[in-house]
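So this one's start_35.cif, mmCIF, C-alpha atoms:
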data_final
loop_
_atom_site.label_atom_id
_atom_site.label_comp_id
_atom_site.auth_asym_id
_atom_site.auth_seq_id
_atom_site.Cartn_x
_atom_site.Cartn_y
_atom_site.Cartn_z
CA MET A 1 -81.74 -104.13 -150.21
CA LYS A 2 -83.93 -106.83 -151.70
CA ARG A 3 -87.04 -105.63 -153.52
CA PHE A 4 -90.25 -105.82 -151.48
CA GLU A 5 -93.95 -105.05 -151.70
CA TRP A 6 -95.23 -102.07 -149.68
CA THR A 7 -98.74 -102.22 -148.22
CA ALA A 8 -100.68 -99.74 -146.07
CA PRO A 9 -103.67 -101.28 -144.25
CA THR A 10 -106.14 -99.13 -142.31
CA SER A 11 -107.22 -101.75 -139.74
CA VAL A 12 -105.59 -104.38 -137.56
CA ALA A 13 -107.57 -107.13 -139.30
CA GLU A 14 -106.33 -105.97 -142.71
CA ALA A 15 -102.74 -105.82 -141.44
CA VAL A 16 -102.94 -109.37 -140.10
CA GLU A 17 -104.41 -110.61 -143.40
CA LEU A 18 -101.63 -108.95 -145.39
CA LEU A 19 -99.04 -110.65 -143.20
CA ARG A 20 -100.82 -114.00 -143.42
CA SER A 21 -101.28 -113.92 -147.20
CA ALA A 22 -97.76 -112.83 -148.13
CA PRO A 23 -95.83 -114.99 -150.60
CA SER A 24 -94.47 -118.19 -149.10
CA PHE A 25 -90.91 -118.13 -147.79
CA ALA A 26 -88.28 -120.79 -147.15
CA ASP A 27 -86.27 -118.87 -144.56
CA PRO A 28 -87.77 -117.02 -141.55
CA ASP A 29 -85.66 -113.97 -142.42
CA GLU A 30 -87.72 -113.69 -145.62
CA ALA A 31 -91.05 -113.54 -143.77
CA PRO A 32 -93.27 -110.46 -144.18
CA ARG A 33 -92.73 -107.77 -141.57
CA PRO A 34 -94.89 -105.10 -139.94
CA PHE A 35 -93.45 -101.61 -140.28
CA ALA A 36 -93.74 -99.01 -137.52
CA GLY A 37 -90.87 -96.58 -136.86
CA GLY A 38 -88.53 -98.64 -139.04
CA GLN A 39 -85.39 -97.68 -137.13
CA ASP A 40 -84.14 -101.25 -136.73
CA LEU A 41 -86.02 -102.95 -139.57
CA LEU A 42 -84.62 -100.76 -142.34
CA THR A 43 -81.08 -101.22 -141.02
CA THR A 44 -81.36 -105.01 -141.06
CA MET A 45 -82.87 -104.90 -144.55
CA LYS A 46 -80.03 -102.74 -145.88
CA GLU A 47 -77.57 -105.26 -144.47
CA TYR A 48 -79.51 -108.19 -145.98
CA ILE A 49 -80.05 -109.70 -142.54
CA LEU A 50 -83.82 -109.55 -143.05
CA ARG A 51 -85.17 -109.92 -146.58
CA PRO A 52 -88.97 -109.62 -146.36
CA SER A 53 -91.03 -109.93 -149.52
CA ARG A 54 -93.72 -107.63 -148.06
CA LEU A 55 -93.78 -104.78 -145.56
CA VAL A 56 -97.06 -103.94 -143.83
CA ASN A 57 -97.09 -100.30 -142.75
CA LEU A 58 -99.08 -99.91 -139.50
CA LYS A 59 -99.07 -96.11 -139.33
CA ALA A 60 -102.48 -95.60 -140.95
CA ILE A 61 -104.27 -97.78 -138.37
CA ARG A 62 -106.20 -95.55 -136.00
CA GLY A 63 -105.84 -96.11 -132.27
CA LEU A 64 -102.41 -97.75 -132.23
CA ASP A 65 -100.78 -94.53 -131.02
CA ARG A 66 -102.95 -93.89 -127.96
CA ILE A 67 -101.82 -93.40 -124.38
CA GLN A 68 -104.57 -94.07 -121.85
CA GLY A 69 -104.81 -94.42 -118.08
CA ASP A 70 -102.72 -93.48 -115.08
CA GLY A 71 -101.28 -94.96 -111.90
CA LYS A 72 -104.70 -95.70 -110.41
CA ARG A 73 -106.31 -97.29 -113.48
CA GLY A 74 -103.26 -98.78 -115.11
CA LEU A 75 -101.59 -97.70 -118.32
CA ARG A 76 -102.43 -98.70 -121.90
CA LEU A 77 -99.91 -97.87 -124.60
CA GLY A 78 -100.63 -98.44 -128.27
CA ALA A 79 -97.82 -100.24 -130.08
CA LEU A 80 -97.14 -97.14 -132.22
CA VAL A 81 -96.62 -94.76 -129.29
CA THR A 82 -93.19 -93.23 -129.82
CA LEU A 83 -90.42 -93.32 -127.26
CA ALA A 84 -90.37 -89.51 -127.21
CA ARG A 85 -94.02 -89.39 -126.13
CA ILE A 86 -93.34 -91.92 -123.35
CA GLU A 87 -90.34 -89.89 -122.23
CA GLU A 88 -92.29 -86.62 -122.16
CA ASN A 89 -95.74 -87.72 -120.93
CA PRO A 90 -96.37 -86.09 -117.49
CA ILE A 91 -98.57 -88.95 -116.23
CA ILE A 92 -95.92 -91.54 -117.07
CA LYS A 93 -93.23 -89.39 -115.45
CA ARG A 94 -95.31 -89.21 -112.26
CA ASP A 95 -96.85 -92.68 -112.01
CA PHE A 96 -94.34 -94.86 -113.94
CA PRO A 97 -91.03 -92.99 -113.67
CA ALA A 98 -88.82 -95.94 -114.62
CA LEU A 99 -90.62 -96.20 -117.96
CA SER A 100 -89.92 -92.54 -118.67
CA ASP A 101 -86.28 -93.05 -117.58
CA ALA A 102 -85.89 -96.01 -119.94
CA ALA A 103 -87.38 -94.18 -122.93
CA ARG A 104 -85.11 -91.21 -122.29
CA SER A 105 -82.05 -93.49 -122.29
CA VAL A 106 -82.64 -94.76 -125.84
CA ALA A 107 -80.42 -93.52 -128.66
CA SER A 108 -80.86 -89.92 -129.87
CA PRO A 109 -83.84 -87.52 -129.82
CA GLN A 110 -84.31 -88.05 -133.55
CA ILE A 111 -84.62 -91.82 -133.12
CA ARG A 112 -86.90 -91.46 -130.09
CA HIS A 113 -89.31 -89.34 -132.15
CA LEU A 114 -89.61 -92.16 -134.73
CA GLY A 115 -89.03 -95.34 -132.75
CA THR A 116 -92.08 -96.99 -131.20
CA ILE A 117 -92.62 -99.02 -128.06
CA GLY A 118 -93.69 -102.05 -130.11
CA GLY A 119 -90.57 -101.83 -132.23
CA ASN A 120 -88.36 -101.37 -129.18
CA LEU A 121 -89.65 -104.62 -127.71
CA CYS A 122 -89.22 -106.51 -131.00
CA GLN A 123 -85.85 -105.21 -132.18
CA ARG A 124 -83.28 -107.76 -133.28
CA PRO A 125 -79.97 -108.57 -131.54
CA ARG A 126 -77.03 -106.17 -131.76
CA CYS A 127 -74.32 -108.83 -131.60
CA TRP A 128 -71.79 -107.82 -134.25
CA TYR A 129 -71.56 -111.34 -135.66
CA TYR A 130 -75.32 -111.30 -136.25
CA ARG A 131 -75.10 -107.83 -137.78
CA LEU A 132 -72.31 -108.71 -140.24
CA GLU A 133 -73.85 -109.64 -143.58
CA GLU A 134 -71.03 -112.07 -144.43
CA VAL A 135 -71.28 -114.06 -141.17
CA VAL A 136 -73.87 -116.84 -141.03
CA CYS A 137 -74.20 -117.43 -137.30
CA LEU A 138 -76.76 -119.52 -135.38
CA LYS A 139 -79.26 -116.65 -135.37
CA LYS A 140 -79.14 -116.58 -139.18
CA GLY A 141 -79.40 -120.31 -139.78
CA GLY A 142 -75.74 -121.25 -139.35
CA THR A 143 -74.19 -123.86 -137.10
CA GLN A 144 -72.08 -121.77 -134.73
CA CYS A 145 -72.36 -118.88 -132.27
CA TYR A 146 -69.13 -117.08 -133.07
CA ALA A 147 -69.43 -114.93 -129.96
CA ALA A 148 -69.06 -117.98 -127.70
CA SER A 149 -65.35 -118.23 -128.49
CA GLY A 150 -64.74 -114.94 -130.29
CA GLU A 151 -65.19 -111.27 -129.43
CA ASN A 152 -67.83 -111.41 -126.68
CA LYS A 153 -67.32 -108.23 -124.68
CA TYR A 154 -71.00 -107.28 -125.13
CA ASN A 155 -72.62 -110.72 -124.94
CA ALA A 156 -74.62 -112.64 -122.34
CA ILE A 157 -73.44 -113.76 -118.92
CA LEU A 158 -76.84 -115.18 -117.89
CA GLY A 159 -79.16 -117.50 -119.81
CA GLY A 160 -76.82 -117.83 -122.79
CA GLY A 161 -76.35 -120.86 -124.99
CA PRO A 162 -76.31 -122.03 -127.64
CA SER A 163 -76.52 -118.36 -128.72
CA TYR A 164 -75.10 -115.63 -126.47
CA ILE A 165 -77.02 -112.57 -127.62
CA VAL A 166 -78.33 -109.99 -125.17
CA HIS A 167 -81.74 -108.41 -125.67
CA PRO A 168 -81.19 -104.76 -126.67
CA SER A 169 -84.46 -103.24 -125.42
CA ASP A 170 -84.33 -100.64 -122.64
CA LEU A 171 -88.10 -100.58 -122.12
CA ALA A 172 -88.45 -104.36 -121.78
CA PRO A 173 -86.77 -104.74 -118.33
CA VAL A 174 -88.91 -101.93 -116.93
CA LEU A 175 -92.15 -103.31 -118.35
CA VAL A 176 -91.36 -106.80 -117.04
CA ALA A 177 -90.65 -105.29 -113.61
CA LEU A 178 -94.01 -103.50 -113.71
CA GLY A 179 -95.89 -106.69 -114.61
CA ALA A 180 -96.90 -105.52 -118.09
CA SER A 181 -98.65 -107.62 -120.74
CA VAL A 182 -98.80 -107.37 -124.53
CA ALA A 183 -101.96 -107.63 -126.64
CA ILE A 184 -101.23 -109.59 -129.81
CA ALA A 185 -103.51 -109.69 -132.86
CA GLY A 186 -103.40 -112.64 -135.27
CA PRO A 187 -105.58 -114.70 -137.61
CA GLU A 188 -107.29 -116.39 -134.63
CA GLY A 189 -108.09 -113.09 -132.92
CA GLU A 190 -106.41 -111.33 -130.01
CA ARG A 191 -104.48 -112.81 -127.10
CA VAL A 192 -102.91 -111.10 -124.11
CA VAL A 193 -99.58 -112.44 -122.89
CA PRO A 194 -97.55 -111.40 -119.82
CA LEU A 195 -94.44 -109.70 -121.14
CA GLU A 196 -92.34 -112.00 -118.97
CA LYS A 197 -93.63 -114.87 -121.14
CA PHE A 198 -93.25 -112.96 -124.43
CA PHE A 199 -89.48 -113.23 -124.77
CA THR A 200 -87.74 -116.57 -125.36
CA LEU A 201 -84.26 -117.84 -124.57
CA PRO A 202 -82.12 -119.26 -127.41
CA SER A 203 -82.53 -122.67 -125.76
CA GLU A 204 -86.32 -122.37 -126.01
CA GLY A 205 -88.45 -122.52 -129.15
CA SER A 206 -86.81 -121.29 -132.36
CA ILE A 207 -83.27 -120.02 -132.03
CA ARG A 208 -83.99 -117.75 -135.01
CA ARG A 209 -86.42 -115.62 -132.98
CA GLU A 210 -86.37 -113.73 -129.68
CA ASN A 211 -90.08 -113.80 -128.83
CA ILE A 212 -93.30 -115.76 -129.37
CA LEU A 213 -94.70 -113.59 -132.19
CA ARG A 214 -95.59 -115.49 -135.36
CA HIS A 215 -94.97 -113.92 -138.76
CA ASP A 216 -98.72 -113.19 -139.13
CA GLU A 217 -99.14 -111.47 -135.75
CA ILE A 218 -98.61 -107.92 -134.51
CA ILE A 219 -98.46 -106.28 -131.10
CA THR A 220 -101.34 -103.83 -130.76
CA GLU A 221 -101.02 -102.65 -127.16
CA ILE A 222 -98.89 -102.82 -124.02
CA GLN A 223 -100.87 -102.97 -120.80
CA VAL A 224 -99.27 -101.93 -117.50
CA PRO A 225 -101.38 -102.70 -114.41
CA ALA A 226 -101.88 -100.30 -111.55
CA SER A 227 -99.62 -101.25 -108.65
CA ARG A 228 -98.30 -99.96 -105.35
CA PHE A 229 -94.71 -100.01 -106.57
CA ALA A 230 -94.88 -98.46 -110.08
CA ALA A 231 -94.55 -94.91 -108.76
CA ARG A 232 -91.40 -95.89 -106.87
CA SER A 233 -89.48 -97.33 -109.79
CA ILE A 234 -86.18 -96.57 -111.45
CA TYR A 235 -84.13 -97.56 -114.48
CA LEU A 236 -80.35 -97.28 -114.44
CA LYS A 237 -78.23 -98.04 -117.49
CA PHE A 238 -74.48 -98.18 -117.96
CA LYS A 239 -73.26 -97.37 -121.47
CA GLU A 240 -69.80 -97.50 -122.97
CA ARG A 241 -70.41 -94.06 -124.50
CA ALA A 242 -72.17 -91.29 -122.63
CA SER A 243 -74.83 -90.96 -125.34
CA PHE A 244 -76.58 -92.86 -128.13
CA ASP A 245 -75.56 -96.33 -126.97
CA PHE A 246 -76.96 -99.67 -125.87
CA ALA A 247 -76.65 -100.95 -122.31
CA LEU A 248 -73.61 -102.90 -121.21
CA ALA A 249 -75.79 -103.59 -118.19
CA SER A 250 -78.99 -102.09 -116.84
CA VAL A 251 -81.34 -102.48 -113.88
CA ALA A 252 -85.07 -101.89 -113.57
CA ALA A 253 -86.16 -101.80 -109.94
CA ALA A 254 -89.40 -101.05 -108.12
CA LEU A 255 -90.24 -101.09 -104.42
CA GLU A 256 -93.30 -100.84 -102.22
CA LEU A 257 -92.33 -99.66 -98.74
CA ASP A 258 -94.26 -99.67 -95.49
CA ARG A 259 -94.39 -96.58 -93.31
CA ASP A 260 -91.40 -97.82 -91.34
CA ARG A 261 -89.47 -98.15 -94.67
CA THR A 262 -89.67 -101.94 -94.63
CA VAL A 263 -89.90 -103.45 -98.11
CA ARG A 264 -93.33 -104.96 -98.76
CA GLN A 265 -92.84 -105.79 -102.46
CA ALA A 266 -89.79 -105.69 -104.73
CA ARG A 267 -89.22 -106.13 -108.44
CA LEU A 268 -85.76 -106.40 -109.97
CA VAL A 269 -85.05 -107.06 -113.66
CA LEU A 270 -81.67 -106.92 -115.39
CA GLY A 271 -80.95 -105.80 -118.94
CA GLY A 272 -77.90 -106.06 -121.18
CA VAL A 273 -76.75 -109.31 -119.56
CA ALA A 274 -79.06 -112.01 -120.95
CA PRO A 275 -80.99 -112.92 -124.13
CA ILE A 276 -84.20 -111.85 -122.36
CA PRO A 277 -85.04 -109.30 -119.65
CA TRP A 278 -83.66 -111.22 -116.67
CA ARG A 279 -85.87 -111.14 -113.59
CA VAL A 280 -84.22 -112.24 -110.33
CA PRO A 281 -86.91 -113.56 -107.91
CA LYS A 282 -84.36 -114.82 -105.35
CA ALA A 283 -82.90 -111.33 -105.02
CA GLU A 284 -86.39 -109.83 -104.78
CA ALA A 285 -87.30 -112.22 -101.96
CA LEU A 286 -84.24 -111.18 -99.96
CA LEU A 287 -85.58 -107.61 -99.84
CA VAL A 288 -89.09 -108.37 -98.60
CA GLY A 289 -89.68 -107.67 -94.93
CA LYS A 290 -86.39 -105.81 -94.48
CA ARG A 291 -85.13 -102.26 -94.56
CA ILE A 292 -82.62 -101.17 -97.18
CA ALA A 293 -79.13 -101.28 -95.70
CA PRO A 294 -75.60 -101.74 -97.13
CA ASP A 295 -75.21 -105.36 -95.96
CA LEU A 296 -78.61 -106.28 -97.42
CA LEU A 297 -77.77 -104.59 -100.73
CA ASN A 298 -74.58 -106.64 -101.02
CA GLN A 299 -76.55 -109.84 -100.44
CA VAL A 300 -79.17 -108.85 -103.00
CA ALA A 301 -76.55 -107.95 -105.61
CA GLU A 302 -74.75 -111.27 -105.13
CA ALA A 303 -78.00 -113.23 -105.36
CA ALA A 304 -79.02 -111.40 -108.54
CA LEU A 305 -75.88 -112.52 -110.36
CA GLU A 306 -75.90 -116.03 -108.97
CA GLY A 307 -75.35 -118.49 -111.80
CA ALA A 308 -73.65 -115.97 -114.07
CA ARG A 309 -71.28 -117.61 -116.54
CA PRO A 310 -69.14 -114.91 -118.13
CA LEU A 311 -67.40 -115.56 -121.42
CA ALA A 312 -63.75 -114.77 -122.04
CA HIS A 313 -64.15 -111.01 -122.38
CA ASN A 314 -67.27 -109.99 -120.43
CA GLY A 315 -66.59 -110.90 -116.82
CA TYR A 316 -66.68 -107.17 -116.00
CA LYS A 317 -70.48 -107.32 -116.34
CA VAL A 318 -70.83 -109.13 -113.00
CA PRO A 319 -69.44 -106.39 -110.69
CA LEU A 320 -70.87 -103.69 -112.98
CA THR A 321 -74.40 -105.06 -112.71
CA GLN A 322 -74.07 -105.59 -108.97
CA ALA A 323 -73.03 -101.96 -108.56
CA LEU A 324 -76.05 -100.81 -110.58
CA ILE A 325 -78.36 -102.90 -108.38
CA ARG A 326 -76.99 -101.37 -105.19
CA ARG A 327 -77.23 -97.87 -106.66
CA ALA A 328 -80.80 -98.33 -107.94
CA LEU A 329 -82.11 -99.67 -104.63
CA THR A 330 -80.29 -97.00 -102.63
CA GLN A 331 -81.86 -94.27 -104.77
CA LEU A 332 -85.34 -95.77 -104.44
CA ALA A 333 -85.04 -96.04 -100.66
CA ALA A 334 -83.94 -92.42 -100.49
CA ARG A 335 -87.13 -91.33 -102.26
CA ALA A 336 -89.35 -92.71 -99.48
#
Final structure tokens representation of the file:
Amino acid sequence: MKRFEWTAPTSVAEAVELLRSAPSFADPDEAPRPFAGGQDLLTTMKEYILRPSRLVNLKAIRGLDRIQGDGKRGLRLGALVTLARIEENPIIKRDFPALSDAARSVASPQIRHLGTIGGNLCQRPRCWYYRLEEVVCLKKGGTQCYAASGENKYNAILGGGPSYIVHPSDLAPVLVALGASVAIAGPEGERVVPLEKFFTLPSEGSIRRENILRHDEIITEIQVPASRFAARSIYLKFKERASFDFALASVAAALELDRDRTVRQARLVLGGVAPIPWRVPKAEALLVGKRIAPDLLNQVAEAALEGARPLAHNGYKVPLTQALIRRALTQLAARA
């Protein structure tokens, strides 16, 4: 990999300053990078996809690995909280089960013990054209998305164009469904942004990035509000391999039910099918005021995939995702 400077700040302010004051760069892939678990960052550096001149290690900053709160007060997760701790935390299992489900679905136990929630949200695309060092695609400053007309079995069917990546995070769809926000620290101080506004489509902003973070900003905390539907939430993921794989399609769902089992609130977010966690408000609205039943589930599943534009080799994602939606909602209704 390219030579880089290693720094180890002990405060958020120092980390931001080290990112801000890094040597100037001509290409965004040469920008300084914060370092947390390093599971994705080191891989992209070894493949010369990212070539930062400076890494800013966040591990010595106190407080970024805290888990605070519960279902009644809301949940606050420091950006350095590992996926293993989210998976194993008894309060999260009880009050935010979909979040525990999503963390458990990620990769291997070894990776979950190193990978962090902040890194999971900010990981780069897994499209094989992007990951090949020799290929200069749109995401790397080129002029063409090779997946659009090439091997696109794993690429987007919703929200794609001009790049057809899918966002690889498992935690992101769940956190969007739960109405989470991210606290971001930068040179101008801290701002809190709804996670639904954090991710960007390739047609929005810079095509070279997947979110609104600037090179001199870091995520410090993920905030999940208390809600009536968080405890009745689920995350289902379909993988090509039974273990250690990314989602071909996934569904994060949450319901609030009345005593007569009528849906009062519904949240439905898709993963593995779009460049961002793909919330489907029209499908959510179909559920409100009704009881879960097979005919309703078919309508909801069709509405959720309305507007899908499969590429040559990924049309299978439409019925696959619809099946996951029906299964997730059926399982949630059965828990009432």
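This file, queried with the PyMOL selection byres ((chain A and resi 167-184) around 6), gives the residues A:Ala102, A:Asn120, A:Leu121, A:Val166, A:Ala185, A:Glu190, A:Arg191, A:Val192, A:Val193, A:Pro194, A:Leu195, A:Glu196, A:Ile218, A:Ile219, A:Thr220, A:Glu221, A:Ile222, A:Gln223, A:Val224, A:Ala252, A:Arg267, A:Val269, A:Gly271, A:Pro275, A:Ile276, A:Pro277.
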Could you save those same residues with C-alpha atoms as an mmCIF file, in the frame of the given file?
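And here is the file that came out, selection.cif:
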data_model
loop_
_atom_site.group_PDB
_atom_site.id
_atom_site.type_symbol
_atom_site.label_atom_id
_atom_site.label_comp_id
_atom_site.auth_asym_id
_atom_site.auth_seq_id
_atom_site.Cartn_x
_atom_site.Cartn_y
_atom_site.Cartn_z
ATOM 1 C CA ALA A 102 -85.890 -96.010 -119.940
ATOM 2 C CA ASN A 120 -88.360 -101.370 -129.180
ATOM 3 C CA LEU A 121 -89.650 -104.620 -127.710
ATOM 4 C CA VAL A 166 -78.330 -109.990 -125.170
ATOM 5 C CA ALA A 185 -103.510 -109.690 -132.860
ATOM 6 C CA GLU A 190 -106.410 -111.330 -130.010
ATOM 7 C CA ARG A 191 -104.480 -112.810 -127.100
ATOM 8 C CA VAL A 192 -102.910 -111.100 -124.110
ATOM 9 C CA VAL A 193 -99.580 -112.440 -122.890
ATOM 10 C CA PRO A 194 -97.550 -111.400 -119.820
ATOM 11 C CA LEU A 195 -94.440 -109.700 -121.140
ATOM 12 C CA GLU A 196 -92.340 -112.000 -118.970
ATOM 13 C CA ILE A 218 -98.610 -107.920 -134.510
ATOM 14 C CA ILE A 219 -98.460 -106.280 -131.100
ATOM 15 C CA THR A 220 -101.340 -103.830 -130.760
ATOM 16 C CA GLU A 221 -101.020 -102.650 -127.160
ATOM 17 C CA ILE A 222 -98.890 -102.820 -124.020
ATOM 18 C CA GLN A 223 -100.870 -102.970 -120.800
ATOM 19 C CA VAL A 224 -99.270 -101.930 -117.500
ATOM 20 C CA ALA A 252 -85.070 -101.890 -113.570
ATOM 21 C CA ARG A 267 -89.220 -106.130 -108.440
ATOM 22 C CA VAL A 269 -85.050 -107.060 -113.660
ATOM 23 C CA GLY A 271 -80.950 -105.800 -118.940
ATOM 24 C CA PRO A 275 -80.990 -112.920 -124.130
ATOM 25 C CA ILE A 276 -84.200 -111.850 -122.360
ATOM 26 C CA PRO A 277 -85.040 -109.300 -119.650
#
Taking all atoms of region 192-204 of chain A that the file lists, what box with edges along x, y and z, padded by 5 Å per side, do you get, with centre and edge lengths in Å to one decimal, as AutoDock Vina command-line options?
--center_x -92.5 --center_y -116.2 --center_z -123.2 --size_x 30.8 --size_y 23.0 --size_z 18.4
If we count all atoms listed in the file, what is near Arg85 (chain A) at a cut-off of 10 Å, once residues fewer than 2 positions away on the same chain are taken out, given as an mmCIF file with C-alpha atoms, in the frame of the given file?
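Result went into part.cif, see below:
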data_model
loop_
_atom_site.group_PDB
_atom_site.id
_atom_site.type_symbol
_atom_site.label_atom_id
_atom_site.label_comp_id
_atom_site.auth_asym_id
_atom_site.auth_seq_id
_atom_site.Cartn_x
_atom_site.Cartn_y
_atom_site.Cartn_z
ATOM 1 C CA ASP A 65 -100.780 -94.530 -131.020
ATOM 2 C CA ILE A 67 -101.820 -93.400 -124.380
ATOM 3 C CA VAL A 81 -96.620 -94.760 -129.290
ATOM 4 C CA THR A 82 -93.190 -93.230 -129.820
ATOM 5 C CA LEU A 83 -90.420 -93.320 -127.260
ATOM 6 C CA GLU A 87 -90.340 -89.890 -122.230
ATOM 7 C CA GLU A 88 -92.290 -86.620 -122.160
ATOM 8 C CA ASN A 89 -95.740 -87.720 -120.930
ATOM 9 C CA PRO A 90 -96.370 -86.090 -117.490
ATOM 10 C CA ILE A 92 -95.920 -91.540 -117.070
ATOM 11 C CA SER A 100 -89.920 -92.540 -118.670
ATOM 12 C CA ALA A 103 -87.380 -94.180 -122.930
ATOM 13 C CA ARG A 104 -85.110 -91.210 -122.290
ATOM 14 C CA ARG A 112 -86.900 -91.460 -130.090
ATOM 15 C CA HIS A 113 -89.310 -89.340 -132.150
ATOM 16 C CA THR A 116 -92.080 -96.990 -131.200
ATOM 17 C CA ILE A 117 -92.620 -99.020 -128.060
#
Near-Lys72 (chain A) list (9 Å; all atoms listed in the file; drop same-chain fewer than 3 positions) as a list in words: Gly69, Leu75, Asp95, Pro225, Ala226 and Ser227 of chain A
Care to translate the PyMOL selection byres ((chain A and resi 37) around 6) into actual residues of this file, as a ChimeraX atom specification? /A:36,38-39,114-116
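With distances restricted to only C-alpha atoms, A:Ile157 is the closest residue to Pro319 (chain A) from A:Ile157, A:Asn211, A:Ala84, A:Glu30.
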Which value, in Å to one decimal, gives the distance between CA of Arg54 (chain A) and CA of Leu19 (chain A)?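 So the two atoms, CA of Arg54 (chain A) and CA of Leu19 (chain A), lie 7.8 Å apart.
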Missing atoms in region 232-247 of chain A need filling: write out N, CA and C atoms for it as a PDB file, in the frame of the given file.
ATOM      1  N   ARG A 232     -92.744 -95.870-107.437  1.00  0.00           N
ATOM      2  CA  ARG A 232     -91.400 -95.890-106.870  1.00  0.00           C
ATOM      3  C   ARG A 232     -90.571 -96.893-107.684  1.00  0.00           C
ATOM      4  N   SER A 233     -90.240 -96.476-108.886  1.00  0.00           N
ATOM      5  CA  SER A 233     -89.480 -97.330-109.790  1.00  0.00           C
ATOM      6  C   SER A 233     -88.367 -96.526-110.426  1.00  0.00           C
ATOM      7  N   ILE A 234     -87.347 -97.237-110.896  1.00  0.00           N
ATOM      8  CA  ILE A 234     -86.180 -96.570-111.450  1.00  0.00           C
ATOM      9  C   ILE A 234     -85.542 -97.461-112.509  1.00  0.00           C
ATOM     10  N   TYR A 235     -84.902 -96.825-113.484  1.00  0.00           N
ATOM     11  CA  TYR A 235     -84.130 -97.560-114.480  1.00  0.00           C
ATOM     12  C   TYR A 235     -82.755 -96.938-114.578  1.00  0.00           C
ATOM     13  N   LEU A 236     -81.731 -97.730-114.322  1.00  0.00           N
ATOM     14  CA  LEU A 236     -80.350 -97.280-114.440  1.00  0.00           C
ATOM     15  C   LEU A 236     -79.649 -98.093-115.521  1.00  0.00           C
ATOM     16  N   LYS A 237     -78.863 -97.417-116.320  1.00  0.00           N
ATOM     17  CA  LYS A 237     -78.230 -98.040-117.490  1.00  0.00           C
ATOM     18  C   LYS A 237     -76.784 -97.587-117.573  1.00  0.00           C
ATOM     19  N   PHE A 238     -75.879 -98.539-117.760  1.00  0.00           N
ATOM     20  CA  PHE A 238     -74.480 -98.180-117.960  1.00  0.00           C
ATOM     21  C   PHE A 238     -74.136 -98.391-119.430  1.00  0.00           C
ATOM     22  N   LYS A 239     -73.597 -97.333-120.055  1.00  0.00           N
ATOM     23  CA  LYS A 239     -73.260 -97.370-121.470  1.00  0.00           C
ATOM     24  C   LYS A 239     -71.765 -97.131-121.651  1.00  0.00           C
ATOM     25  N   GLU A 240     -71.220 -97.703-122.692  1.00  0.00           N
ATOM     26  CA  GLU A 240     -69.800 -97.500-122.970  1.00  0.00           C
ATOM     27  C   GLU A 240     -69.533 -96.053-123.382  1.00  0.00           C
ATOM     28  N   ARG A 241     -70.463 -95.475-124.149  1.00  0.00           N
ATOM     29  CA  ARG A 241     -70.410 -94.060-124.500  1.00  0.00           C
ATOM     30  C   ARG A 241     -71.462 -93.318-123.690  1.00  0.00           C
ATOM     31  N   ALA A 242     -71.244 -92.063-123.462  1.00  0.00           N
ATOM     32  CA  ALA A 242     -72.170 -91.290-122.630  1.00  0.00           C
ATOM     33  C   ALA A 242     -73.511 -91.081-123.317  1.00  0.00           C
ATOM     34  N   SER A 243     -73.574 -91.190-124.635  1.00  0.00           N
ATOM     35  CA  SER A 243     -74.830 -90.960-125.340  1.00  0.00           C
ATOM     36  C   SER A 243     -75.000 -91.942-126.488  1.00  0.00           C
ATOM     37  N   PHE A 244     -76.241 -92.114-126.916  1.00  0.00           N
ATOM     38  CA  PHE A 244     -76.580 -92.860-128.130  1.00  0.00           C
ATOM     39  C   PHE A 244     -76.026 -94.283-128.128  1.00  0.00           C
ATOM     40  N   ASP A 245     -76.156 -95.003-127.024  1.00  0.00           N
ATOM     41  CA  ASP A 245     -75.560 -96.330-126.970  1.00  0.00           C
ATOM     42  C   ASP A 245     -76.486 -97.312-126.274  1.00  0.00           C
ATOM     43  N   PHE A 246     -76.217 -98.601-126.516  1.00  0.00           N
ATOM     44  CA  PHE A 246     -76.960 -99.670-125.870  1.00  0.00           C
ATOM     45  C   PHE A 246     -76.345 -99.982-124.506  1.00  0.00           C
ATOM     46  N   ALA A 247     -77.095-100.680-123.672  1.00  0.00           N
ATOM     47  CA  ALA A 247     -76.650-100.950-122.310  1.00  0.00           C
ATOM     48  C   ALA A 247     -75.604-102.060-122.272  1.00  0.00           C
TER      49      ALA A 247
END
